[in-house]
>>> print(open('final_33.csv').read())   # CSV, C-alpha atoms and all ligand atoms
chain,number,residue,atom,x,y,z
A,25,MET,CA,158.2,58.5,280.4
A,26,LYS,CA,159.9,57.9,277.1
A,27,GLY,CA,159.4,59.9,273.9
A,28,LEU,CA,157.4,63.1,273.5
A,29,ALA,CA,159.7,64.9,276.0
A,30,VAL,CA,161.0,67.3,273.5
A,31,ASP,CA,157.8,69.2,273.4
A,32,ALA,CA,158.1,72.5,275.2
A,33,ARG,CA,154.4,73.4,275.0
A,34,GLY,CA,152.7,70.3,276.3
A,35,VAL,CA,151.1,69.5,272.9
A,36,PHE,CA,152.5,66.0,272.8
A,37,ALA,CA,152.4,65.4,276.5
A,38,LYS,CA,148.6,65.3,276.3
A,39,LEU,CA,148.8,62.4,274.0
A,40,ASN,CA,151.0,60.4,276.3
A,41,PRO,CA,149.9,59.0,279.6
A,42,ALA,CA,152.6,59.4,282.2
A,43,HIS,CA,152.8,55.7,282.9
A,44,SER,CA,153.2,54.5,279.3
A,45,ASP,CA,156.3,52.5,278.5
A,46,GLY,CA,156.3,53.4,274.8
A,47,VAL,CA,154.5,55.5,272.2
A,48,ILE,CA,153.9,54.2,268.7
A,49,ALA,CA,152.6,56.3,265.8
A,50,LEU,CA,150.4,54.7,263.2
A,51,ALA,CA,150.7,56.3,259.8
A,52,GLY,CA,149.3,55.3,256.4
A,53,ASN,CA,147.4,56.3,253.3
A,54,PRO,CA,143.6,56.6,253.7
A,55,ASN,CA,141.7,53.3,253.6
A,56,THR,CA,144.7,51.0,254.3
A,57,GLY,CA,143.0,49.6,257.4
A,58,LYS,CA,144.9,51.8,259.8
A,59,SER,CA,141.9,52.2,262.2
A,60,THR,CA,141.2,48.5,262.0
A,61,VAL,CA,144.8,47.8,263.1
A,62,PHE,CA,144.4,50.4,265.8
A,63,ASN,CA,141.2,48.9,267.1
A,64,GLY,CA,142.6,45.4,266.8
A,65,LEU,CA,145.5,46.3,269.0
A,66,THR,CA,143.8,48.6,271.5
A,67,GLY,CA,140.3,47.2,271.8
A,68,LEU,CA,138.1,49.6,273.7
A,69,ASN,CA,141.0,51.4,275.5
A,70,GLN,CA,140.9,54.5,273.3
A,71,HIS,CA,140.2,58.2,273.3
A,72,THR,CA,140.0,60.8,270.7
A,73,GLY,CA,141.1,64.4,270.9
A,74,ASN,CA,141.7,67.4,268.8
A,75,TRP,CA,145.1,68.4,267.8
A,76,PRO,CA,145.6,71.9,269.5
A,77,GLY,CA,144.8,74.7,267.1
A,78,LYS,CA,143.7,72.4,264.2
A,79,THR,CA,140.5,70.6,263.3
A,80,VAL,CA,142.3,67.3,263.1
A,81,VAL,CA,141.1,64.5,265.3
A,82,LEU,CA,143.6,62.0,266.7
A,83,ALA,CA,142.8,58.7,268.4
A,84,LYS,CA,144.9,57.4,271.1
A,85,GLY,CA,144.7,54.0,272.7
A,86,ASN,CA,146.6,51.6,274.9
A,87,TYR,CA,147.5,47.9,275.0
A,88,ARG,CA,149.7,45.7,277.1
A,89,TYR,CA,152.2,43.3,275.7
A,90,LYS,CA,154.7,41.3,277.7
A,91,SER,CA,154.0,43.5,280.7
A,92,LYS,CA,154.7,46.8,278.8
A,93,LEU,CA,152.0,49.4,278.4
A,94,ILE,CA,152.1,50.7,274.9
A,95,THR,CA,150.3,53.9,273.7
A,96,LEU,CA,149.2,53.9,270.1
A,97,VAL,CA,148.4,57.2,268.2
A,98,ASP,CA,146.3,56.8,265.1
A,99,LEU,CA,147.5,59.6,262.8
A,100,PRO,CA,145.3,61.1,260.0
A,101,GLY,CA,145.4,59.0,256.8
A,102,THR,CA,147.6,60.8,254.2
A,103,TYR,CA,149.3,60.2,250.9
A,104,SER,CA,152.2,62.3,252.0
A,105,LEU,CA,154.0,64.0,254.9
A,106,LEU,CA,155.0,67.2,253.0
A,107,ALA,CA,152.5,69.4,255.0
A,108,ASN,CA,150.3,70.0,252.1
A,109,SER,CA,147.2,70.0,254.4
A,110,ALA,CA,146.4,70.3,258.1
A,111,ASP,CA,146.2,66.4,258.2
A,112,GLU,CA,149.6,66.0,256.7
A,113,GLN,CA,151.1,68.7,258.9
A,114,VAL,CA,149.8,67.0,262.1
A,115,ALA,CA,151.0,63.6,261.0
A,116,ARG,CA,154.4,65.0,260.1
A,117,ASP,CA,154.8,67.0,263.3
A,118,PHE,CA,153.9,64.1,265.4
A,119,ILE,CA,156.4,61.8,263.8
A,120,CYS,CA,159.1,64.4,263.6
A,121,PHE,CA,158.7,66.3,266.9
A,122,GLY,CA,156.6,63.9,269.0
A,123,LYS,CA,159.5,61.5,268.9
A,124,PRO,CA,157.4,58.3,269.0
A,125,ASP,CA,159.4,55.2,270.0
A,126,ALA,CA,158.5,53.7,266.7
A,127,THR,CA,156.3,54.5,263.7
A,128,VAL,CA,154.2,51.8,262.1
A,129,VAL,CA,153.3,52.5,258.5
A,130,VAL,CA,150.2,50.6,257.4
A,131,VAL,CA,150.2,49.9,253.7
A,132,ASP,CA,147.7,48.3,251.3
A,133,ALA,CA,149.1,45.0,250.0
A,134,THR,CA,146.9,45.4,246.8
A,135,CYS,CA,148.6,48.6,245.8
A,136,LEU,CA,152.0,48.6,247.5
A,137,GLU,CA,153.7,50.8,244.9
A,138,ARG,CA,151.4,53.7,245.7
A,139,ASN,CA,151.7,53.2,249.4
A,140,LEU,CA,155.5,53.1,249.5
A,141,ASN,CA,155.8,56.8,248.8
A,142,LEU,CA,154.6,57.5,252.4
A,143,ALA,CA,156.7,54.7,253.9
A,144,LEU,CA,159.8,56.1,252.2
A,145,GLN,CA,158.9,59.6,253.5
A,146,VAL,CA,158.7,58.3,257.0
A,147,MET,CA,161.9,56.4,256.7
A,148,GLU,CA,163.6,59.7,255.7
A,149,MET,CA,162.5,61.2,259.0
A,150,THR,CA,163.2,58.4,261.4
A,151,PRO,CA,164.9,54.9,261.2
A,152,LYS,CA,162.4,53.5,263.7
A,153,VAL,CA,159.9,52.3,261.2
A,154,ILE,CA,157.9,49.1,260.9
A,155,LEU,CA,156.0,48.4,257.7
A,156,CYS,CA,152.6,46.7,258.3
A,157,VAL,CA,151.5,45.2,255.0
A,158,ASN,CA,147.8,45.0,255.6
A,159,LEU,CA,144.9,43.6,253.5
A,160,ILE,CA,147.1,40.7,252.7
A,161,ASP,CA,143.9,38.5,252.4
A,162,GLU,CA,142.6,40.9,249.7
A,163,ALA,CA,145.9,40.7,247.9
A,164,LYS,CA,145.8,36.9,247.9
A,165,ARG,CA,142.3,37.1,246.4
A,166,LYS,CA,143.7,39.3,243.6
A,167,LYS,CA,146.5,36.8,243.2
A,168,ILE,CA,149.1,39.3,244.4
A,169,GLU,CA,151.9,37.8,246.3
A,170,ILE,CA,154.1,40.0,248.6
A,171,ASP,CA,157.6,38.7,249.4
A,172,CYS,CA,157.8,40.3,252.8
A,173,PRO,CA,161.4,39.1,253.7
A,174,LYS,CA,162.6,40.5,250.4
A,175,LEU,CA,160.8,43.8,251.0
A,176,ALA,CA,162.3,44.0,254.5
A,177,GLU,CA,165.7,43.5,253.0
A,178,LEU,CA,165.2,46.1,250.3
A,179,LEU,CA,163.8,48.7,252.6
A,180,GLY,CA,166.0,47.9,255.6
A,181,VAL,CA,163.1,47.9,258.1
A,182,PRO,CA,160.9,45.1,259.6
A,183,VAL,CA,157.9,44.1,257.5
A,184,VAL,CA,154.9,42.4,259.0
A,185,PRO,CA,152.0,41.1,256.8
A,186,THR,CA,148.5,41.4,258.4
A,187,ALA,CA,144.8,40.9,257.7
A,188,ALA,CA,143.7,43.2,260.4
A,189,ARG,CA,139.9,42.7,259.9
A,190,GLU,CA,140.5,39.0,260.7
A,191,LYS,CA,143.1,39.9,263.4
A,192,VAL,CA,145.7,37.9,261.4
A,193,GLY,CA,149.3,39.0,262.1
A,194,LEU,CA,148.5,41.4,264.9
A,195,ASP,CA,150.5,39.3,267.4
A,196,LYS,CA,153.5,39.4,265.1
A,197,LEU,CA,153.0,43.2,264.8
A,198,LYS,CA,153.0,43.6,268.6
A,199,GLU,CA,156.2,41.5,268.8
A,200,ALA,CA,157.9,43.6,266.1
A,201,ILE,CA,157.0,46.8,268.0
A,202,HIS,CA,158.3,45.2,271.2
A,203,GLN,CA,161.6,44.2,269.6
A,204,MET,CA,162.1,47.7,268.2
A,205,VAL,CA,161.2,49.6,271.4
A,206,PHE,CA,162.6,47.3,274.1
A,207,ALA,CA,165.2,45.2,272.4
A,208,HIS,CA,166.5,48.3,270.5
A,209,GLN,CA,166.5,46.3,267.3
A,210,GLN,CA,168.5,48.3,264.8
A,211,THR,CA,167.1,49.1,261.4
A,212,ARG,CA,169.0,50.3,258.3
A,213,PRO,CA,166.5,52.1,256.2
A,214,ARG,CA,167.8,52.5,252.7
A,215,PRO,CA,167.9,56.2,252.0
A,216,VAL,CA,166.3,57.6,248.8
A,217,ARG,CA,169.1,59.0,246.7
A,218,TYR,CA,168.1,62.0,244.5
A,219,ASN,CA,169.8,63.3,241.4
A,220,GLN,CA,173.3,64.8,241.5
A,221,GLU,CA,172.2,68.4,241.7
A,222,ILE,CA,169.9,67.8,244.7
A,223,GLU,CA,172.5,65.6,246.5
A,224,ALA,CA,175.2,68.3,246.0
A,225,ALA,CA,172.9,70.9,247.5
A,226,VAL,CA,172.0,68.6,250.4
A,227,ALA,CA,175.7,68.0,251.0
A,228,LYS,CA,176.2,71.7,251.5
A,229,ILE,CA,173.1,72.5,253.6
A,230,GLN,CA,173.1,69.4,255.9
A,231,PRO,CA,176.3,70.1,257.7
A,232,GLU,CA,175.3,73.7,258.3
A,233,LEU,CA,172.0,72.6,259.9
A,234,GLU,CA,173.6,69.9,262.1
A,235,PRO,CA,174.9,72.3,264.8
A,236,TYR,CA,171.5,73.8,265.2
A,237,LEU,CA,169.5,70.6,265.2
A,238,ARG,CA,172.0,68.7,267.3
A,239,GLY,CA,170.6,65.3,266.4
A,240,LYS,CA,167.1,66.2,267.6
A,241,ILE,CA,165.7,65.6,264.1
A,242,ASP,CA,167.3,64.3,260.9
A,243,ALA,CA,169.4,67.1,259.3
A,244,ARG,CA,169.2,65.5,255.8
A,245,TRP,CA,165.5,65.4,256.0
A,246,VAL,CA,165.3,69.1,257.0
A,247,ALA,CA,167.7,70.0,254.2
A,248,LEU,CA,165.5,68.3,251.7
A,249,ARG,CA,162.4,70.2,253.0
A,250,LEU,CA,164.2,73.5,252.7
A,251,LEU,CA,165.1,72.5,249.1
A,252,ASP,CA,161.4,71.8,248.6
A,253,GLY,CA,160.8,75.4,249.5
A,254,ASP,CA,158.9,74.3,252.7
A,255,THR,CA,159.5,77.2,255.1
A,256,THR,CA,156.8,75.9,257.6
A,257,ILE,CA,159.5,73.4,258.9
A,258,ILE,CA,161.6,76.3,260.2
A,259,THR,CA,158.6,77.6,262.3
A,260,GLU,CA,157.9,74.1,263.6
A,261,ILE,CA,161.5,73.5,264.5
A,262,LYS,CA,161.7,76.8,266.5
A,263,LYS,CA,158.4,76.0,268.2
A,264,TYR,CA,159.0,72.4,269.2
A,265,LEU,CA,162.7,72.1,269.6
A,266,ARG,CA,163.4,75.7,270.8
A,267,VAL,CA,166.2,76.0,268.3
A,268,GLU,CA,167.1,79.6,267.6
A,269,ASN,CA,168.4,81.1,264.3
A,270,VAL,CA,168.0,77.9,262.3
A,271,GLU,CA,166.9,80.0,259.4
A,272,LYS,CA,170.4,81.4,259.2
A,273,ALA,CA,171.8,78.0,258.7
A,274,PRO,CA,171.6,77.5,255.0
A,275,ARG,CA,174.0,80.2,253.9
A,276,GLU,CA,174.0,78.7,250.4
A,277,GLN,CA,170.9,80.6,249.4
A,278,GLY,CA,172.1,80.3,245.8
A,279,GLU,CA,171.8,76.5,246.1
A,280,LEU,CA,168.2,76.7,247.3
A,281,LYS,CA,167.4,78.8,244.2
A,282,VAL,CA,169.1,76.4,241.8
A,283,VAL,CA,167.2,73.4,243.0
A,284,LYS,CA,163.9,75.3,243.0
A,285,CYS,CA,164.3,76.3,239.4
A,286,TYR,CA,165.3,72.8,238.5
A,287,LYS,CA,162.0,71.4,239.8
B,23,MET,CA,155.9,61.7,213.6
B,24,GLY,CA,156.1,63.5,216.9
B,25,ASP,CA,154.2,62.3,220.0
B,26,PRO,CA,150.9,64.0,220.4
B,27,GLU,CA,150.9,65.4,223.9
B,28,MET,CA,147.8,66.7,225.6
B,29,THR,CA,146.6,67.6,229.1
B,30,LEU,CA,145.2,64.9,231.3
B,31,ALA,CA,141.9,66.8,231.3
B,32,CYS,CA,141.5,66.0,227.6
B,33,LEU,CA,142.0,62.3,228.0
B,34,PRO,CA,138.8,60.5,226.9
B,35,ILE,CA,137.1,58.1,229.4
B,36,GLY,CA,138.4,54.6,228.9
B,37,HIS,CA,141.7,55.8,227.5
B,38,ARG,CA,145.1,55.5,229.0
B,39,ALA,CA,148.1,57.9,228.9
B,40,GLN,CA,151.6,58.3,230.3
B,41,VAL,CA,152.5,61.3,232.4
B,42,VAL,CA,155.1,63.5,230.7
B,43,LYS,CA,155.2,66.5,233.1
B,44,VAL,CA,153.4,68.1,236.0
B,45,GLY,CA,153.2,71.8,235.3
B,46,ALA,CA,151.8,72.9,238.6
B,47,GLU,CA,153.7,74.7,241.4
B,48,GLY,CA,153.7,74.7,245.1
B,49,LEU,CA,151.1,72.8,247.1
B,50,THR,CA,149.2,71.7,244.0
B,51,ARG,CA,152.3,70.3,242.5
B,52,ASN,CA,153.2,68.4,245.7
B,53,ARG,CA,149.7,67.0,245.9
B,54,LEU,CA,149.7,65.8,242.3
B,55,LEU,CA,153.1,64.2,242.7
B,56,ASP,CA,152.0,62.5,246.0
B,57,LEU,CA,149.0,61.1,244.3
B,58,GLY,CA,151.5,59.2,242.1
B,59,LEU,CA,151.4,61.5,239.0
B,60,VAL,CA,155.2,61.4,238.4
B,61,PRO,CA,156.7,61.3,234.9
B,62,SER,CA,156.1,57.9,233.1
B,63,THR,CA,153.2,56.9,235.4
B,64,VAL,CA,150.4,55.3,233.4
B,65,VAL,CA,146.9,56.9,234.1
B,66,GLU,CA,143.5,55.7,233.0
B,67,ALA,CA,140.4,58.0,232.8
B,68,VAL,CA,137.8,55.8,234.4
B,69,ARG,CA,134.6,57.7,234.6
B,70,LYS,CA,133.1,61.2,234.8
B,71,SER,CA,130.9,62.5,237.6
B,72,PRO,CA,127.4,63.5,236.5
B,73,ALA,CA,128.4,67.1,236.2
B,74,GLY,CA,131.4,66.1,234.1
B,75,ASP,CA,133.9,67.3,236.7
B,76,PRO,CA,135.7,65.9,238.6
B,77,VAL,CA,136.8,62.8,236.7
B,78,ALA,CA,137.9,59.6,238.3
B,79,TYR,CA,141.4,58.3,237.3
B,80,LYS,CA,143.1,55.1,238.0
B,81,ILE,CA,146.6,56.0,239.2
B,82,ARG,CA,149.0,53.3,240.5
B,83,GLY,CA,146.3,51.0,241.7
B,84,ALA,CA,143.9,53.5,243.3
B,85,ILE,CA,140.9,55.4,241.9
B,86,ILE,CA,141.4,59.1,242.4
B,87,ALA,CA,139.1,62.0,241.5
B,88,LEU,CA,140.7,65.1,240.0
B,89,ARG,CA,139.1,68.4,239.2
B,90,SER,CA,139.8,69.8,235.7
B,91,GLU,CA,141.7,72.7,237.2
B,92,GLU,CA,144.2,70.0,238.5
B,93,SER,CA,144.2,67.6,235.6
B,94,ARG,CA,144.8,70.5,233.2
B,95,LEU,CA,148.2,71.0,234.8
B,96,VAL,CA,149.3,67.4,233.9
B,97,THR,CA,150.8,66.9,230.4
B,98,VAL,CA,150.4,63.3,229.1
B,99,ARG,CA,151.1,61.2,226.1
B,100,PRO,CA,148.1,59.0,225.1
B,101,LEU,CA,148.8,55.3,224.8
B,102,ALA,CA,147.3,53.2,222.0
C,1,LIG,N1,139.8,42.4,253.6
C,1,LIG,C1,140.3,43.2,254.5
C,1,LIG,N2,139.6,44.4,254.8
C,1,LIG,C2,140.2,45.2,255.7
C,1,LIG,C3,141.4,44.8,256.4
C,1,LIG,N3,141.7,45.8,257.2
C,1,LIG,C4,140.7,46.7,257.1
C,1,LIG,N4,139.8,46.3,256.2
C,1,LIG,C5,138.6,47.1,255.8
C,1,LIG,O1,139.0,48.2,255.0
C,1,LIG,C6,138.1,49.3,255.2
C,1,LIG,C7,138.9,50.5,255.7
C,1,LIG,O2,139.5,50.3,257.0
C,1,LIG,P1,139.8,51.4,258.0
C,1,LIG,O3,140.5,50.8,259.2
C,1,LIG,O4,138.7,52.3,258.3
C,1,LIG,O5,140.9,52.2,257.1
C,1,LIG,P2,141.7,53.6,257.5
C,1,LIG,O6,141.1,54.6,256.6
C,1,LIG,O7,143.1,53.3,257.0
C,1,LIG,O8,141.6,53.9,258.9
C,1,LIG,C8,137.1,48.8,256.3
C,1,LIG,O9,135.9,48.4,255.6
C,1,LIG,C9,137.8,47.6,256.9
C,1,LIG,O10,136.9,46.7,257.4
C,1,LIG,C10,142.0,43.6,256.0
C,1,LIG,O11,143.1,43.3,256.5
C,1,LIG,N5,141.4,42.8,255.1
C,2,MG,MG,140.9,55.6,259.9
>>> encode(input="final_33.csv", output="C-alpha cells")
Amino acid sequence: MKGLAVDARGVFAKLNPAHSDGVIALAGNPNTGKSTVFNGLTGLNQHTGNWPGKTVVLAKGNYRYKSKLITLVDLPGTYSLLANSADEQVARDFICFGKPDATVVVVDATCLERNLNLALQVMEMTPKVILCVNLIDEAKRKKIEIDCPKLAELLGVPVVPTAAREKVGLDKLKEAIHQMVFAHQQTRPRPVRYNQEIEAAVAKIQPELEPYLRGKIDARWVALRLLDGDTTIITEIKKYLRVENVEKAPREQGELKVVKCYK
Amino acid sequence: MGDPEMTLACLPIGHRAQVVKVGAEGLTRNRLLDLGLVPSTVVEAVRKSPAGDPVAYKIRGAIIALRSEESRLVTVRPLA
C-alpha cells in the first residue's frame, strides 16, 4: 500500500483500500466540476464517508487504468487551503498528511485567474500536482482560449484540458495521473516568491523546522503557515506525524511578530 | 484632487471599484483575500438581495455574496 501510511491514528487508512496501487486527491474551488470529473473517472465504484470528528463528507472511488487500481478522493470544494473552515482544514490535512500519490486540482477554464490561487497553494504543499482545466467547452463558448502547454511551462506541472460533462479529456487525465504515479514523472512547480521581509523570515525559520519535519512535509510551507499566525498546523503536525517539540523550532519569535504586523 | 476612498459596502449597485486595502484580521481577512479581494482587484456590485444584505459582487470572474459586516472591512476606490 502506497501513501497514507504516515497516519498513526488510522484516519487516512479508512480512505484507502489495502489493495489500491495509488491514491489521488481531487481538489478545486466549488462548482469547477470536481464531482463530475470524479464520477467520470470512477463510475459507480464510490462510497462516501464522514471525516472523523468533522461534519465533512468525503467521497472515495476507484478506477482501473493500465492494470493499476487507483483510489480517488473527492475533497470538499474550497477557495483556499488555509484552514479557515472545517472543509478547508480537511482538504489541507488530506493533501498534507494523507500523502496522496498525486493531487489533481480541478480549475474552471472560464475564470482561471481566480482558481489558480488554490492551485498555487497546493503546489506549495506538494510538487505532485496535475492541473485539470475543466469546463473547456464553456470557455470556448465564451471565446476564452487557454494555452495549456504555456500554462504547464509557467506553473511547472502537467496541465490537462477537460470537458468532464462530455467526458472529453478524461483519458488524458488518467494517463497524466499514471505517468506521475507510476513513471515517477518529475514536476518543477514554480514557487511563489513573497516580498523580501517574508522571504527573510522564511529563510530563518525553515532550516530550524527541517530537523523536526525530516522531509515528511514541506518545511517552507510550514514556515509560511507559522508566519500567517496559523497555530493549528502545529497541532496537526504533532497528531499526524508524531513530531515532538515542533513548536520550539522557530526560535526567531521576533521574526514572527515582524511579519504579523506587516500584514 | 485626492482619490475618494470608501468601503465596499458603500459601492452602489452597477458600479465598479478597485480594492485598496482589506482591513480585517484573522480568519475574516484570510477569507476575503482568498475570495480574490487583494489590493488592485476590480470589483463590481451586481445586485442586492431582497433584504438589502448580502450584496452580490463580481470578483475575478465569479459572483460572490458578501454581508455588509464583511464588505465594510474592504477599502475601495471607485472607478468612473
Ligand atoms: N459545460 C460543462 N459543464 C460542466 C462540466 N463539468 C461539470 N459541469 C457542470 O457544472 C456543474 C457543477 O459540477 P459539479 O461536478 O457538481 O462541481 P463541483 O462543485 O466542483 O463538484 C454541474 O451542473 C455540471 O454538470 C464541463 O466540463 N462542461
Ligand atoms: Mg462536488
>>> atom_distance(input="final_33.csv", atom1="atom CA of B:Ala39", atom2="atom CA of B:Arg51")
18.9 Å
>>> closest_residue(input="final_33.csv", among="A:Glu162, A:Asp117, A:Asp125, A:Glu148", to="ligand LIG 1 (chain C)", atoms="only C-alpha atoms and all ligand atoms")
A:Glu162
>>> atom_distance(input="final_33.csv", atom1="atom CA of B:Asn52", atom2="atom CA of A:Val131")
20.4 Å
>>> closest_atom_pairs(input="final_33.csv", of="chain A", to="ligand LIG 1 (chain C)", cutoff="7 Å", atoms="all atoms listed in the file", output="tab-separated table")
residue	atom	partner	partner_atom	distance
A:Gly52	CA	C:LIG1	O7	6.5
A:Asn53	CA	C:LIG1	O7	6.4
A:Pro54	CA	C:LIG1	O6	4.3
A:Asn55	CA	C:LIG1	O6	3.3
A:Thr56	CA	C:LIG1	O7	3.9
A:Gly57	CA	C:LIG1	O3	3.3
A:Lys58	CA	C:LIG1	O7	3.7
A:Ser59	CA	C:LIG1	O3	3.6
A:Thr60	CA	C:LIG1	O3	3.7
A:Val61	CA	C:LIG1	O3	6.5
A:Gly101	CA	C:LIG1	O7	6.1
A:Asn158	CA	C:LIG1	O11	5.1
A:Leu159	CA	C:LIG1	O11	3.5
A:Ile160	CA	C:LIG1	O11	6.1
A:Asp161	CA	C:LIG1	N5	5.7
A:Glu162	CA	C:LIG1	N1	5.0
A:Thr186	CA	C:LIG1	O11	6.0
A:Ala187	CA	C:LIG1	O11	3.2
A:Ala188	CA	C:LIG1	O11	3.9
A:Arg189	CA	C:LIG1	C3	4.3
A:Glu190	CA	C:LIG1	O11	6.5
>>> residues_around(input="final_33.csv", residues="stretch 61-78 of chain B", least_positions_apart="5", cutoff="7 Å", atoms="all atoms listed in the file", output="count of residues only")
17
>>> closest_residue(input="final_33.csv", among="A:His71, A:Lys174, A:Lys198, A:Arg266", to="A:Ile48", atoms="all atoms listed in the file")
A:Lys198
>>> atom_distance(input="final_33.csv", atom1="atom CA of B:Gly45", atom2="atom CA of B:Leu95")
5.1 Å
>>> residues_around(input="final_33.csv", residues="A:Ile119", least_positions_apart="5", cutoff="12 Å", atoms="only C-alpha atoms", output="PDB file with C-alpha atoms, keeping the file's coordinate frame")
ATOM      1  CA  GLY A  27     159.400  59.900 273.900  1.00  0.00           C
ATOM      2  CA  LEU A  28     157.400  63.100 273.500  1.00  0.00           C
ATOM      3  CA  PHE A  36     152.500  66.000 272.800  1.00  0.00           C
ATOM      4  CA  VAL A  47     154.500  55.500 272.200  1.00  0.00           C
ATOM      5  CA  ILE A  48     153.900  54.200 268.700  1.00  0.00           C
ATOM      6  CA  ALA A  49     152.600  56.300 265.800  1.00  0.00           C
ATOM      7  CA  LEU A  50     150.400  54.700 263.200  1.00  0.00           C
ATOM      8  CA  ALA A  51     150.700  56.300 259.800  1.00  0.00           C
ATOM      9  CA  VAL A  97     148.400  57.200 268.200  1.00  0.00           C
ATOM     10  CA  ASP A  98     146.300  56.800 265.100  1.00  0.00           C
ATOM     11  CA  LEU A  99     147.500  59.600 262.800  1.00  0.00           C
ATOM     12  CA  PRO A 100     145.300  61.100 260.000  1.00  0.00           C
ATOM     13  CA  LEU A 105     154.000  64.000 254.900  1.00  0.00           C
ATOM     14  CA  GLU A 112     149.600  66.000 256.700  1.00  0.00           C
ATOM     15  CA  GLN A 113     151.100  68.700 258.900  1.00  0.00           C
ATOM     16  CA  VAL A 114     149.800  67.000 262.100  1.00  0.00           C
ATOM     17  CA  PRO A 124     157.400  58.300 269.000  1.00  0.00           C
ATOM     18  CA  ASP A 125     159.400  55.200 270.000  1.00  0.00           C
ATOM     19  CA  ALA A 126     158.500  53.700 266.700  1.00  0.00           C
ATOM     20  CA  THR A 127     156.300  54.500 263.700  1.00  0.00           C
ATOM     21  CA  VAL A 128     154.200  51.800 262.100  1.00  0.00           C
ATOM     22  CA  VAL A 129     153.300  52.500 258.500  1.00  0.00           C
ATOM     23  CA  GLN A 145     158.900  59.600 253.500  1.00  0.00           C
ATOM     24  CA  VAL A 146     158.700  58.300 257.000  1.00  0.00           C
ATOM     25  CA  MET A 147     161.900  56.400 256.700  1.00  0.00           C
ATOM     26  CA  GLU A 148     163.600  59.700 255.700  1.00  0.00           C
ATOM     27  CA  MET A 149     162.500  61.200 259.000  1.00  0.00           C
ATOM     28  CA  THR A 150     163.200  58.400 261.400  1.00  0.00           C
ATOM     29  CA  PRO A 151     164.900  54.900 261.200  1.00  0.00           C
ATOM     30  CA  LYS A 152     162.400  53.500 263.700  1.00  0.00           C
ATOM     31  CA  VAL A 153     159.900  52.300 261.200  1.00  0.00           C
ATOM     32  CA  ILE A 241     165.700  65.600 264.100  1.00  0.00           C
ATOM     33  CA  ASP A 242     167.300  64.300 260.900  1.00  0.00           C
TER      34      ASP A 242
END
>>> residues_around(input="final_33.csv", residues="B:Glu27", least_positions_apart="3", cutoff="9 Å", atoms="only C-alpha atoms", output="ChimeraX atom specification")
/B:24,42,97-100
>>> decode(input="final_33.csv", residues="stretch 154-165 of chain A", atoms="C-alpha atoms", output="PDB file, in the first residue's frame")
ATOM      1  CA  ILE A 154      -1.733  17.899 -12.007  1.00  0.00           C
ATOM      2  CA  LEU A 155      -3.852  20.818 -13.163  1.00  0.00           C
ATOM      3  CA  CYS A 156      -7.152  19.765 -14.741  1.00  0.00           C
ATOM      4  CA  VAL A 157      -8.543  22.734 -16.687  1.00  0.00           C
ATOM      5  CA  ASN A 158     -12.218  21.805 -16.796  1.00  0.00           C
ATOM      6  CA  LEU A 159     -15.229  23.468 -18.461  1.00  0.00           C
ATOM      7  CA  ILE A 160     -13.071  23.979 -21.516  1.00  0.00           C
ATOM      8  CA  ASP A 161     -16.258  23.751 -23.656  1.00  0.00           C
ATOM      9  CA  GLU A 162     -17.800  26.583 -21.659  1.00  0.00           C
ATOM     10  CA  ALA A 163     -14.625  28.641 -22.119  1.00  0.00           C
ATOM     11  CA  LYS A 164     -14.713  28.053 -25.869  1.00  0.00           C
ATOM     12  CA  ARG A 165     -18.300  29.280 -25.935  1.00  0.00           C
TER      13      ARG A 165
END
